[in-house]
>>> print(open('protein-v9.cif').read())   # mmCIF, C-alpha atoms and all ligand atoms
data_upload
#
loop_
_atom_site.label_atom_id
_atom_site.label_comp_id
_atom_site.auth_asym_id
_atom_site.auth_seq_id
_atom_site.Cartn_x
_atom_site.Cartn_y
_atom_site.Cartn_z
CA MET Z 355 109.95 -40.34 1.44
CA SER Z 356 109.92 -36.66 2.13
CA GLU Z 357 107.48 -34.75 0.00
CA GLN Z 358 109.08 -31.63 -1.38
CA LYS Z 359 107.67 -28.59 0.34
CA LYS Z 360 105.43 -26.62 -1.96
CA GLU Z 361 105.83 -22.87 -2.17
CA ILE Z 362 103.12 -20.87 -0.47
CA VAL Z 363 100.94 -18.80 -2.81
CA LEU Z 364 98.48 -16.36 -1.32
CA SER Z 365 95.98 -14.03 -2.85
CA GLY Z 366 93.02 -12.04 -1.63
CA ILE Z 367 90.23 -10.13 -3.26
CA ARG Z 368 88.14 -7.32 -1.87
CA PRO Z 369 84.43 -8.15 -2.06
CA THR Z 370 83.35 -5.05 -3.92
CA GLY Z 371 81.57 -6.50 -6.95
CA ASN Z 372 81.14 -9.52 -9.16
CA LEU Z 373 83.91 -11.22 -11.07
CA HIS Z 374 84.31 -10.38 -14.74
CA LEU Z 375 86.06 -12.11 -17.63
CA GLY Z 376 89.21 -10.10 -16.94
CA ASN Z 377 89.41 -11.55 -13.44
CA TYR Z 378 88.73 -15.00 -14.82
CA PHE Z 379 91.23 -15.18 -17.67
CA GLY Z 380 93.79 -12.87 -16.07
CA ALA Z 381 93.99 -14.53 -12.68
CA LEU Z 382 91.38 -16.99 -11.53
CA ARG Z 383 91.89 -19.57 -14.28
CA LYS Z 384 95.63 -19.63 -13.56
CA PHE Z 385 94.98 -19.92 -9.86
CA VAL Z 386 92.72 -22.90 -10.44
CA ALA Z 387 95.39 -24.59 -12.57
CA ALA Z 388 98.09 -24.01 -9.94
CA GLN Z 389 96.29 -25.77 -7.12
CA ASP Z 390 98.17 -29.05 -7.52
CA ASP Z 391 101.62 -27.55 -7.76
CA TYR Z 392 101.57 -24.95 -5.01
CA ASP Z 393 100.35 -24.58 -1.47
CA CYS Z 394 97.50 -22.28 -2.51
CA ASN Z 395 95.77 -19.92 -0.13
CA PHE Z 396 92.95 -17.74 -1.15
CA PHE Z 397 90.77 -15.41 0.86
CA VAL Z 398 88.03 -12.82 0.67
CA ALA Z 399 89.41 -9.55 2.07
CA ASP Z 400 86.29 -8.37 3.88
CA LEU Z 401 88.31 -6.39 6.45
CA HIS Z 402 89.97 -4.48 3.63
CA ALA Z 403 86.56 -3.71 2.19
CA LEU Z 404 85.65 -1.98 5.48
CA THR Z 405 88.19 0.75 4.73
CA THR Z 406 85.67 2.35 2.40
CA ASN Z 407 82.76 2.02 4.86
CA PRO Z 408 80.40 -0.18 2.85
CA ASP Z 409 76.81 -0.81 3.76
CA PRO Z 410 76.91 -3.83 6.16
CA ALA Z 411 74.24 -5.86 4.37
CA GLN Z 412 75.90 -5.18 1.04
CA LEU Z 413 79.31 -6.20 2.38
CA HIS Z 414 77.92 -9.47 3.67
CA THR Z 415 76.19 -10.25 0.37
CA ASN Z 416 79.23 -9.32 -1.69
CA ALA Z 417 81.50 -11.50 0.44
CA LYS Z 418 79.22 -14.48 -0.08
CA ASN Z 419 78.87 -13.84 -3.81
CA ILE Z 420 82.55 -13.55 -4.49
CA LEU Z 421 83.28 -16.68 -2.53
CA ALA Z 422 80.61 -18.57 -4.48
CA GLU Z 423 82.05 -17.31 -7.75
CA TYR Z 424 85.54 -18.45 -6.88
CA LEU Z 425 84.35 -21.87 -5.81
CA ALA Z 426 82.19 -22.17 -8.93
CA ALA Z 427 85.13 -21.27 -11.16
CA GLY Z 428 87.16 -24.15 -9.76
CA LEU Z 429 88.93 -23.14 -6.56
CA ASP Z 430 88.82 -26.39 -4.69
CA PRO Z 431 88.62 -26.52 -0.89
CA GLU Z 432 90.10 -30.03 -1.03
CA LYS Z 433 93.27 -28.64 -2.56
CA SER Z 434 93.48 -25.02 -1.42
CA THR Z 435 92.97 -23.13 1.78
CA ILE Z 436 89.98 -20.89 1.14
CA PHE Z 437 88.92 -18.51 3.88
CA MET Z 438 87.29 -15.28 4.97
CA GLN Z 439 89.79 -12.71 6.24
CA SER Z 440 87.63 -11.74 9.22
CA ASP Z 441 87.60 -15.38 10.41
CA ILE Z 442 91.27 -15.09 11.32
CA PRO Z 443 91.54 -13.05 14.55
CA GLU Z 444 95.33 -13.50 14.56
CA LEU Z 445 95.48 -11.06 11.65
CA SER Z 446 94.04 -8.24 13.69
CA GLU Z 447 96.54 -8.74 16.47
CA MET Z 448 99.52 -8.93 14.18
CA TYR Z 449 98.22 -5.84 12.36
CA LEU Z 450 98.49 -3.96 15.64
CA LEU Z 451 101.99 -5.31 16.26
CA LEU Z 452 103.35 -4.66 12.78
CA ASN Z 453 101.95 -1.12 12.76
CA MET Z 454 104.58 -0.28 15.40
CA HIS Z 455 107.15 -0.58 12.63
CA VAL Z 456 105.30 1.23 9.89
CA GLY Z 457 105.82 4.93 9.19
CA ILE Z 458 102.80 7.17 8.73
CA GLY Z 459 104.80 9.05 6.10
CA GLU Z 460 105.35 6.01 3.92
CA LEU Z 461 101.68 5.08 4.25
CA MET Z 462 100.58 8.58 3.26
CA ARG Z 463 102.75 8.48 0.17
CA THR Z 464 101.19 5.23 -1.07
CA ALA Z 465 99.42 5.80 -4.37
CA SER Z 466 96.29 3.87 -3.43
CA PHE Z 467 95.94 5.91 -0.24
CA LYS Z 468 96.26 9.24 -2.04
CA ASP Z 469 93.68 8.10 -4.48
CA LYS Z 470 91.14 6.82 -1.97
CA ALA Z 471 91.71 9.65 0.48
CA ARG Z 472 90.91 12.19 -2.22
CA LYS Z 473 87.81 10.22 -3.13
CA ALA Z 474 86.71 10.15 0.52
CA LEU Z 475 87.10 13.92 0.72
CA GLY Z 476 85.49 14.46 -2.66
CA ILE Z 477 88.45 16.30 -4.16
CA GLY Z 478 90.21 15.65 -7.45
CA THR Z 479 93.93 15.34 -8.13
CA PRO Z 480 95.28 18.89 -8.27
CA ALA Z 481 97.96 20.07 -10.68
CA ASP Z 482 100.44 19.98 -7.80
CA ASP Z 483 100.52 16.31 -6.79
CA SER Z 484 103.59 16.65 -4.56
CA ASP Z 485 103.64 14.86 -1.23
CA GLU Z 486 103.68 18.20 0.60
CA ALA Z 487 100.60 19.47 -1.21
CA PHE Z 488 98.84 16.19 -0.52
CA GLU Z 489 99.60 16.29 3.19
CA LYS Z 490 98.23 19.81 3.42
CA GLU Z 491 95.12 18.78 1.58
CA ILE Z 492 94.45 15.74 3.77
CA ILE Z 493 95.43 17.00 7.18
CA GLY Z 494 94.04 20.47 6.69
CA ALA Z 495 91.00 19.34 4.72
CA ALA Z 496 88.38 22.04 5.02
CA THR Z 497 85.49 19.66 4.41
CA ASN Z 498 83.37 17.92 7.00
CA LYS Z 499 84.39 14.59 5.52
CA ARG Z 500 87.15 12.45 6.91
CA VAL Z 501 89.77 9.97 5.83
CA ASN Z 502 89.66 7.03 8.22
CA ALA Z 503 92.80 5.58 9.79
CA GLY Z 504 92.00 2.13 8.41
CA LEU Z 505 92.47 3.46 4.92
CA LEU Z 506 95.88 4.78 5.86
CA THR Z 507 96.96 1.43 7.31
CA TYR Z 508 95.53 -0.64 4.47
CA PRO Z 509 99.06 -1.67 3.39
CA THR Z 510 99.89 -2.86 6.91
CA LEU Z 511 96.91 -5.18 6.90
CA MET Z 512 97.78 -6.47 3.45
CA ALA Z 513 101.37 -7.07 4.54
CA VAL Z 514 100.08 -8.99 7.55
CA ASP Z 515 97.82 -11.15 5.35
CA ILE Z 516 100.92 -12.22 3.49
CA LEU Z 517 103.53 -12.34 6.25
CA ILE Z 518 101.41 -14.19 8.79
CA GLN Z 519 101.09 -17.08 6.30
CA LYS Z 520 104.77 -16.74 5.33
CA ALA Z 521 103.62 -16.69 1.73
CA THR Z 522 106.40 -16.15 -0.79
CA LEU Z 523 104.41 -15.92 -4.02
CA VAL Z 524 101.66 -13.34 -4.33
CA PRO Z 525 99.71 -12.96 -7.57
CA VAL Z 526 98.51 -9.37 -7.78
CA GLY Z 527 97.58 -6.82 -10.40
CA LYS Z 528 99.78 -3.86 -11.26
CA ASP Z 529 97.84 -1.58 -8.92
CA GLN Z 530 98.93 -3.74 -5.97
CA LEU Z 531 102.66 -3.88 -6.69
CA GLN Z 532 103.41 -0.93 -4.46
CA HIS Z 533 101.69 -2.70 -1.56
CA LEU Z 534 103.83 -5.75 -2.20
CA GLU Z 535 106.96 -3.60 -2.20
CA LEU Z 536 105.89 -2.17 1.17
CA THR Z 537 105.32 -5.71 2.44
CA ARG Z 538 108.90 -6.60 1.57
CA ARG Z 539 110.15 -3.45 3.23
CA PHE Z 540 108.18 -4.12 6.43
CA ALA Z 541 109.45 -7.71 6.55
CA ARG Z 542 113.07 -6.57 6.13
CA ARG Z 543 112.65 -3.86 8.72
CA PHE Z 544 111.10 -6.22 11.24
CA ASN Z 545 113.74 -8.88 10.71
CA SER Z 546 116.62 -6.45 11.00
CA PHE Z 547 115.21 -4.53 13.99
CA TYR Z 548 114.95 -7.74 16.02
CA GLY Z 549 117.92 -9.49 14.44
CA VAL Z 550 115.80 -12.44 13.28
CA ASP Z 551 115.03 -14.17 10.03
CA LEU Z 552 111.36 -14.65 10.69
CA LEU Z 553 109.32 -12.99 7.98
CA PRO Z 554 110.09 -14.00 4.37
CA GLU Z 555 109.92 -11.38 1.63
CA PRO Z 556 107.17 -12.20 -0.88
CA LYS Z 557 107.51 -11.95 -4.64
CA ASP Z 558 105.03 -10.87 -7.24
CA PHE Z 559 103.87 -13.97 -9.12
CA ASP Z 560 101.98 -14.60 -12.35
CA PHE Z 561 102.08 -18.41 -12.31
CA GLY Z 562 104.82 -18.37 -14.91
CA GLY Z 563 102.48 -17.91 -17.86
CA ALA Z 564 102.37 -15.11 -20.38
CA PRO Z 565 100.23 -12.16 -19.29
CA VAL Z 566 96.71 -12.38 -20.65
CA LYS Z 567 95.08 -9.29 -22.03
CA VAL Z 568 91.34 -9.16 -21.66
CA PRO Z 569 90.03 -6.05 -23.40
CA GLY Z 570 86.76 -4.35 -22.55
CA LEU Z 571 83.82 -3.89 -24.89
CA ASP Z 572 84.09 -0.14 -25.26
CA GLY Z 573 86.81 -0.14 -27.88
CA SER Z 574 89.84 0.73 -25.80
CA GLY Z 575 91.63 -0.47 -22.72
CA LYS Z 576 91.16 -3.55 -20.60
CA MET Z 577 88.11 -4.97 -18.97
CA GLY Z 578 87.69 -3.44 -15.53
CA LYS Z 579 84.74 -3.15 -13.26
CA SER Z 580 84.95 0.61 -13.01
CA GLU Z 581 84.68 1.22 -16.71
CA GLY Z 582 81.28 -0.32 -17.33
CA ASN Z 583 82.69 -2.37 -20.17
CA CYS Z 584 82.51 -5.69 -18.44
CA ILE Z 585 81.11 -9.10 -18.96
CA TYR Z 586 80.43 -10.71 -15.61
CA LEU Z 587 80.69 -14.45 -15.06
CA ILE Z 588 77.13 -14.41 -13.76
CA ASP Z 589 75.61 -12.39 -16.63
CA ASP Z 590 72.67 -14.36 -17.95
CA PRO Z 591 72.73 -15.23 -21.66
CA LYS Z 592 70.36 -12.45 -22.68
CA VAL Z 593 72.36 -9.75 -20.92
CA LEU Z 594 75.65 -11.16 -22.12
CA ARG Z 595 74.58 -11.37 -25.77
CA LYS Z 596 73.24 -7.83 -25.65
CA LYS Z 597 76.50 -6.50 -24.18
CA VAL Z 598 78.61 -8.19 -26.85
CA MET Z 599 76.35 -7.09 -29.69
CA ARG Z 600 76.72 -3.51 -28.49
CA ALA Z 601 80.53 -3.62 -28.42
CA VAL Z 602 82.24 -0.77 -30.27
CA THR Z 603 83.38 -1.55 -33.84
CA ASP Z 604 84.46 0.48 -36.88
CA GLU Z 605 83.20 0.79 -40.45
CA GLY Z 606 84.89 -2.40 -41.60
CA PRO Z 607 87.97 -3.05 -43.72
CA LYS Z 608 87.94 -1.20 -47.05
CA GLU Z 609 90.98 -2.85 -48.64
CA PRO Z 610 92.37 -6.35 -48.35
CA ASN Z 611 94.84 -6.89 -45.50
CA SER Z 612 94.27 -3.53 -43.82
CA PRO Z 613 95.51 -3.08 -40.27
CA MET Z 614 92.94 -3.48 -37.50
CA SER Z 615 91.64 -0.60 -35.45
CA GLU Z 616 91.81 -1.04 -31.68
CA PRO Z 617 88.13 -1.93 -31.17
CA ILE Z 618 88.37 -4.71 -33.77
CA ALA Z 619 91.69 -5.99 -32.47
CA ASN Z 620 90.01 -6.14 -29.05
CA LEU Z 621 87.16 -8.25 -30.38
CA PHE Z 622 89.70 -10.60 -31.91
CA SER Z 623 91.46 -10.86 -28.54
CA LEU Z 624 88.17 -11.92 -26.96
CA LEU Z 625 87.64 -14.43 -29.76
CA GLU Z 626 91.11 -15.87 -29.22
CA LEU Z 627 90.43 -16.34 -25.53
CA THR Z 628 87.27 -18.34 -26.04
CA SER Z 629 87.14 -19.84 -29.57
CA THR Z 630 89.05 -22.59 -31.34
CA PRO Z 631 92.07 -21.71 -33.51
CA GLU Z 632 90.06 -22.74 -36.59
CA VAL Z 633 87.29 -20.27 -35.84
CA VAL Z 634 89.81 -17.52 -35.15
CA ALA Z 635 91.59 -18.24 -38.46
CA GLN Z 636 88.29 -18.19 -40.33
CA PHE Z 637 87.40 -14.72 -39.00
CA ARG Z 638 90.92 -13.45 -39.59
CA ASP Z 639 90.71 -14.54 -43.21
CA ALA Z 640 87.33 -12.89 -43.54
CA TYR Z 641 88.78 -9.68 -42.15
CA ALA Z 642 91.74 -9.89 -44.53
CA ASP Z 643 89.57 -10.32 -47.64
CA CYS Z 644 86.97 -7.78 -46.43
CA SER Z 645 84.12 -10.29 -46.32
CA ILE Z 646 83.81 -10.12 -42.53
CA ARG Z 647 80.48 -9.20 -40.93
CA TYR Z 648 80.96 -7.83 -37.46
CA GLY Z 649 77.52 -9.10 -36.44
CA ASP Z 650 78.66 -12.66 -37.11
CA LEU Z 651 81.92 -12.08 -35.27
CA LYS Z 652 80.04 -10.80 -32.23
CA LYS Z 653 77.56 -13.67 -32.27
CA GLN Z 654 80.44 -16.12 -32.33
CA ILE Z 655 82.17 -14.33 -29.44
CA ALA Z 656 79.00 -14.24 -27.35
CA GLU Z 657 78.30 -17.94 -27.85
CA ASP Z 658 81.87 -18.96 -27.11
CA ILE Z 659 82.00 -16.83 -23.97
CA LEU Z 660 78.74 -18.42 -22.86
CA LYS Z 661 80.34 -21.85 -23.20
CA VAL Z 662 82.86 -20.75 -20.57
CA THR Z 663 80.52 -18.85 -18.28
CA THR Z 664 77.35 -20.94 -18.32
CA PRO Z 665 78.62 -23.84 -16.21
CA ILE Z 666 80.17 -21.35 -13.80
CA ARG Z 667 76.97 -19.34 -13.53
CA GLU Z 668 74.95 -22.47 -12.83
CA ARG Z 669 77.33 -23.58 -10.10
CA VAL Z 670 77.30 -20.12 -8.53
CA ASN Z 671 73.55 -20.38 -8.17
CA ASP Z 672 73.78 -23.84 -6.63
CA ILE Z 673 76.41 -22.73 -4.15
CA LEU Z 674 74.56 -19.57 -3.17
CA ALA Z 675 71.54 -21.69 -2.32
CA ASP Z 676 73.60 -23.89 -0.01
CA ASP Z 677 74.58 -21.97 3.11
CA GLN Z 678 75.67 -25.13 4.85
CA TYR Z 679 78.21 -25.86 2.17
CA ILE Z 680 79.57 -22.31 2.31
CA ALA Z 681 79.83 -22.47 6.09
CA SER Z 682 81.67 -25.79 5.96
CA VAL Z 683 84.17 -24.53 3.35
CA LEU Z 684 84.88 -21.48 5.47
CA ARG Z 685 85.16 -23.43 8.72
CA ARG Z 686 87.73 -25.71 7.23
CA GLY Z 687 89.62 -22.88 5.54
CA ALA Z 688 89.74 -20.84 8.74
CA GLU Z 689 91.04 -23.84 10.66
CA ARG Z 690 93.92 -24.31 8.25
CA ALA Z 691 94.73 -20.63 7.88
CA ARG Z 692 94.66 -20.09 11.63
CA GLU Z 693 97.06 -22.93 12.21
CA ARG Z 694 99.86 -21.15 10.38
CA ALA Z 695 98.72 -17.68 11.49
CA SER Z 696 98.78 -18.53 15.17
CA LYS Z 697 102.24 -20.01 14.84
CA THR Z 698 103.64 -16.89 13.19
CA LEU Z 699 101.85 -14.63 15.67
CA ALA Z 700 103.36 -16.52 18.60
CA GLU Z 701 106.81 -16.10 17.09
CA VAL Z 702 106.25 -12.39 16.48
CA ARG Z 703 105.00 -11.81 20.04
CA GLU Z 704 107.98 -13.65 21.47
CA VAL Z 705 110.45 -11.70 19.35
CA MET Z 706 108.85 -8.38 20.33
CA GLY Z 707 109.00 -9.17 24.04
CA ILE Z 708 105.33 -9.99 24.64
CA ARG Z 709 106.00 -13.07 26.73
CA PRO Z 710 104.39 -14.90 29.61
CA PHE Z 711 105.66 -14.20 33.14
N1 LIG D 1 94.56 -5.23 -1.75
C1 LIG D 1 94.20 -6.31 -2.66
C2 LIG D 1 93.31 -5.73 -3.77
O1 LIG D 1 92.61 -4.79 -3.56
C3 LIG D 1 93.47 -7.41 -1.93
C4 LIG D 1 94.35 -8.04 -0.91
C5 LIG D 1 94.26 -7.89 0.45
C6 LIG D 1 95.45 -8.92 -1.15
N2 LIG D 1 95.22 -8.62 1.07
C7 LIG D 1 95.96 -9.26 0.13
C8 LIG D 1 96.01 -9.45 -2.31
C9 LIG D 1 97.08 -10.12 0.25
C10 LIG D 1 97.12 -10.31 -2.17
C11 LIG D 1 97.63 -10.63 -0.90
O2 LIG D 1 93.32 -6.28 -4.84
#
>>> encode(input="protein-v9.cif", output="structure tokens")
Amino acid sequence: MSEQKKEIVLSGIRPTGNLHLGNYFGALRKFVAAQDDYDCNFFVADLHALTTNPDPAQLHTNAKNILAEYLAAGLDPEKSTIFMQSDIPELSEMYLLLNMHVGIGELMRTASFKDKARKALGIGTPADDSDEAFEKEIIGAATNKRVNAGLLTYPTLMAVDILIQKATLVPVGKDQLQHLELTRRFARRFNSFYGVDLLPEPKDFDFGGAPVKVPGLDGSGKMGKSEGNCIYLIDDPKVLRKKVMRAVTDEGPKEPNSPMSEPIANLFSLLELTSTPEVVAQFRDAYADCSIRYGDLKKQIAEDILKVTTPIRERVNDILADDQYIASVLRRGAERARERASKTLAEVREVMGIRPF
């Protein structure tokens, strides 16, 4: 009996900080659930992290932490291919090869590059954000800072991560959609230049579920690590409770059935993510008849979040204490990832005319 071939899903995360509830409910939980139905590949993008020149010791620690957090949250090395980007040397070679078909102009116009290049030079976004003005700013920068070439070619490396595994489904956030579009363009360009059908075009993928909104604690917008409004999976109970108790609220409903302000609607979103429907209904009723006490609502939210995060936090600590386990997961992941990567690389070399004599 021939087993139906599962579609290849691939996702990577830069090791720049700890995972928060937004990462968990927005992506990780879905990834964990998809492991039986898809050929799931997941990696820590430590080479991508190098583009912003992190401290080496910090990079190493962050890479280990994020891996431990993913494993603790349920990514299963028995089911998925879990690896460290820098363990796959084939990526670096294909990155060199693919760069021969990537335009410096299209890289310079990528939103993430403009953003990070300006940060590297310590300049803000000027009123004139045209491509011409940007090029003048970057190339003629009159500062003694520099924008490294790795930052420019970030999208090439990301495209290679995807194309070398021939992944067709790539779960990414909105900020990465442009990179995915470039990946498709590079694949098309490569295929048509050489007259082959080698590199499949990947699609953006959300595991088919409805998008999950995870708001932050500061009253507006979503949870994101840059905004300091985050609950991390590894926050200990004291820290977590304190953060939730400090969340922004309003003065409370004055009349029955009044509409909710954004900060309160956000707290209800958090409650819905972690509590039972009965508890949610109870607090909704209390809001509607003005008997709600925000302190009680927050206590409930904190305790229900802790029910989700506590087992994860405990497993993170166990995994971090077990270097042998981490090494064995990565060894196995690298083996599997390299199998497919080396096959694609051989095909790419052949097509481009890099052949034995
Ligand atoms: N650039 C992605 C981010 O910052 C991380 C990433 C690197 C990635 N390579 C990838 C995501 C390949 C999906 C597929 O979030």
>>> residues_around(input="protein-v9.cif", residues="Arg600 in chain Z", least_positions_apart="3", cutoff="8 Å", atoms="all atoms listed in the file", output="PyMOL selection string")
chain Z and resi 571+596-597
>>> write_last_selection(input="protein-v9.cif", atoms="C-alpha atoms", output="PDB file, in the frame of the given file")
ATOM      1  CA  LEU Z 571      83.820  -3.890 -24.890  1.00  0.00           C
ATOM      2  CA  LYS Z 596      73.240  -7.830 -25.650  1.00  0.00           C
ATOM      3  CA  LYS Z 597      76.500  -6.500 -24.180  1.00  0.00           C
TER       4      LYS Z 597
END
>>> atom_distance(input="protein-v9.cif", atom1="CA of Ile516 in chain Z", atom2="CA of Leu421 in chain Z")
19.2 Å
>>> atom_distance(input="protein-v9.cif", atom1="CA of Leu651 in chain Z", atom2="CA of Phe622 in chain Z")
8.6 Å
>>> residues_around(input="protein-v9.cif", residues="range 502-506 of chain Z", least_positions_apart="5", cutoff="12 Å", atoms="only C-alpha atoms", output="PyMOL selection string")
chain Z and resi 401-407+446+449-450+453+456-475+492-493+511-512
>>> residues_near_ligand(input="protein-v9.cif", ligand="ligand LIG 1 (chain D)", cutoff="10 Å", atoms="all atoms listed in the file", output="count of residues only")
44
>>> decode(input="protein-v9.cif", residues="range 522-589 of chain Z", atoms="C-alpha atoms", output="PDB file, in the first residue's frame")
ATOM      1  CA  THR Z 522       5.385  23.958  -0.124  1.00  0.00           C
ATOM      2  CA  LEU Z 523       3.657  25.188   3.021  1.00  0.00           C
ATOM      3  CA  VAL Z 524       5.304  27.873   5.129  1.00  0.00           C
ATOM      4  CA  PRO Z 525       3.578  29.245   8.224  1.00  0.00           C
ATOM      5  CA  VAL Z 526       4.807  32.798   8.740  1.00  0.00           C
ATOM      6  CA  GLY Z 527       3.619  36.025  10.282  1.00  0.00           C
ATOM      7  CA  LYS Z 528       2.519  39.009   8.214  1.00  0.00           C
ATOM      8  CA  ASP Z 529       5.955  40.609   8.477  1.00  0.00           C
ATOM      9  CA  GLN Z 530       7.433  37.653   6.570  1.00  0.00           C
ATOM     10  CA  LEU Z 531       5.011  37.552   3.646  1.00  0.00           C
ATOM     11  CA  GLN Z 532       7.227  39.704   1.477  1.00  0.00           C
ATOM     12  CA  HIS Z 533      10.093  37.257   2.001  1.00  0.00           C
ATOM     13  CA  LEU Z 534       7.822  34.429   0.940  1.00  0.00           C
ATOM     14  CA  GLU Z 535       6.821  36.345  -2.177  1.00  0.00           C
ATOM     15  CA  LEU Z 536      10.517  36.796  -2.995  1.00  0.00           C
ATOM     16  CA  THR Z 537      11.053  33.067  -2.450  1.00  0.00           C
ATOM     17  CA  ARG Z 538       8.399  32.304  -5.046  1.00  0.00           C
ATOM     18  CA  ARG Z 539       9.928  34.788  -7.432  1.00  0.00           C
ATOM     19  CA  PHE Z 540      13.433  33.324  -7.022  1.00  0.00           C
ATOM     20  CA  ALA Z 541      12.097  29.797  -7.564  1.00  0.00           C
ATOM     21  CA  ARG Z 542      10.269  30.840 -10.750  1.00  0.00           C
ATOM     22  CA  ARG Z 543      13.293  32.715 -12.010  1.00  0.00           C
ATOM     23  CA  PHE Z 544      15.632  29.805 -11.364  1.00  0.00           C
ATOM     24  CA  ASN Z 545      13.301  27.291 -12.985  1.00  0.00           C
ATOM     25  CA  SER Z 546      12.729  29.407 -16.060  1.00  0.00           C
ATOM     26  CA  PHE Z 547      16.381  30.448 -16.494  1.00  0.00           C
ATOM     27  CA  TYR Z 548      17.487  26.808 -16.616  1.00  0.00           C
ATOM     28  CA  GLY Z 549      14.323  25.449 -18.203  1.00  0.00           C
ATOM     29  CA  VAL Z 550      13.672  23.055 -15.317  1.00  0.00           C
ATOM     30  CA  ASP Z 551      10.882  22.362 -12.883  1.00  0.00           C
ATOM     31  CA  LEU Z 552      13.092  21.875  -9.874  1.00  0.00           C
ATOM     32  CA  LEU Z 553      12.155  24.340  -7.159  1.00  0.00           C
ATOM     33  CA  PRO Z 554       8.492  24.369  -6.049  1.00  0.00           C
ATOM     34  CA  GLU Z 555       6.862  27.670  -5.129  1.00  0.00           C
ATOM     35  CA  PRO Z 556       5.856  27.719  -1.453  1.00  0.00           C
ATOM     36  CA  LYS Z 557       2.565  29.024  -0.115  1.00  0.00           C
ATOM     37  CA  ASP Z 558       1.796  30.910   3.039  1.00  0.00           C
ATOM     38  CA  PHE Z 559       0.046  28.540   5.442  1.00  0.00           C
ATOM     39  CA  ASP Z 560      -1.935  28.940   8.656  1.00  0.00           C
ATOM     40  CA  PHE Z 561      -2.828  25.278   9.218  1.00  0.00           C
ATOM     41  CA  GLY Z 562      -6.328  25.935   7.971  1.00  0.00           C
ATOM     42  CA  GLY Z 563      -7.601  27.326  11.262  1.00  0.00           C
ATOM     43  CA  ALA Z 564      -9.045  30.733  11.998  1.00  0.00           C
ATOM     44  CA  PRO Z 565      -6.417  33.345  12.864  1.00  0.00           C
ATOM     45  CA  VAL Z 566      -5.933  33.681  16.604  1.00  0.00           C
ATOM     46  CA  LYS Z 567      -5.615  37.110  18.107  1.00  0.00           C
ATOM     47  CA  VAL Z 568      -3.476  37.290  21.195  1.00  0.00           C
ATOM     48  CA  PRO Z 569      -3.606  40.823  22.583  1.00  0.00           C
ATOM     49  CA  GLY Z 570      -0.931  42.353  24.777  1.00  0.00           C
ATOM     50  CA  LEU Z 571      -1.398  43.592  28.321  1.00  0.00           C
ATOM     51  CA  ASP Z 572      -0.980  47.279  27.595  1.00  0.00           C
ATOM     52  CA  GLY Z 573      -4.499  47.911  26.381  1.00  0.00           C
ATOM     53  CA  SER Z 574      -3.982  48.010  22.637  1.00  0.00           C
ATOM     54  CA  GLY Z 575      -2.508  45.897  19.898  1.00  0.00           C
ATOM     55  CA  LYS Z 576      -1.201  42.368  19.902  1.00  0.00           C
ATOM     56  CA  MET Z 577       1.309  40.675  22.096  1.00  0.00           C
ATOM     57  CA  GLY Z 578       4.779  41.177  20.656  1.00  0.00           C
ATOM     58  CA  LYS Z 579       8.179  40.943  22.177  1.00  0.00           C
ATOM     59  CA  SER Z 580       9.161  44.455  21.229  1.00  0.00           C
ATOM     60  CA  GLU Z 581       6.294  46.107  23.009  1.00  0.00           C
ATOM     61  CA  GLY Z 582       7.047  44.969  26.536  1.00  0.00           C
ATOM     62  CA  ASN Z 583       3.490  43.755  26.933  1.00  0.00           C
ATOM     63  CA  CYS Z 584       4.276  40.094  26.897  1.00  0.00           C
ATOM     64  CA  ILE Z 585       3.715  37.033  28.950  1.00  0.00           C
ATOM     65  CA  TYR Z 586       6.510  34.565  28.332  1.00  0.00           C
ATOM     66  CA  LEU Z 587       5.986  30.818  28.516  1.00  0.00           C
ATOM     67  CA  ILE Z 588       8.803  30.648  31.048  1.00  0.00           C
ATOM     68  CA  ASP Z 589       7.560  33.471  33.310  1.00  0.00           C
TER      69      ASP Z 589
END
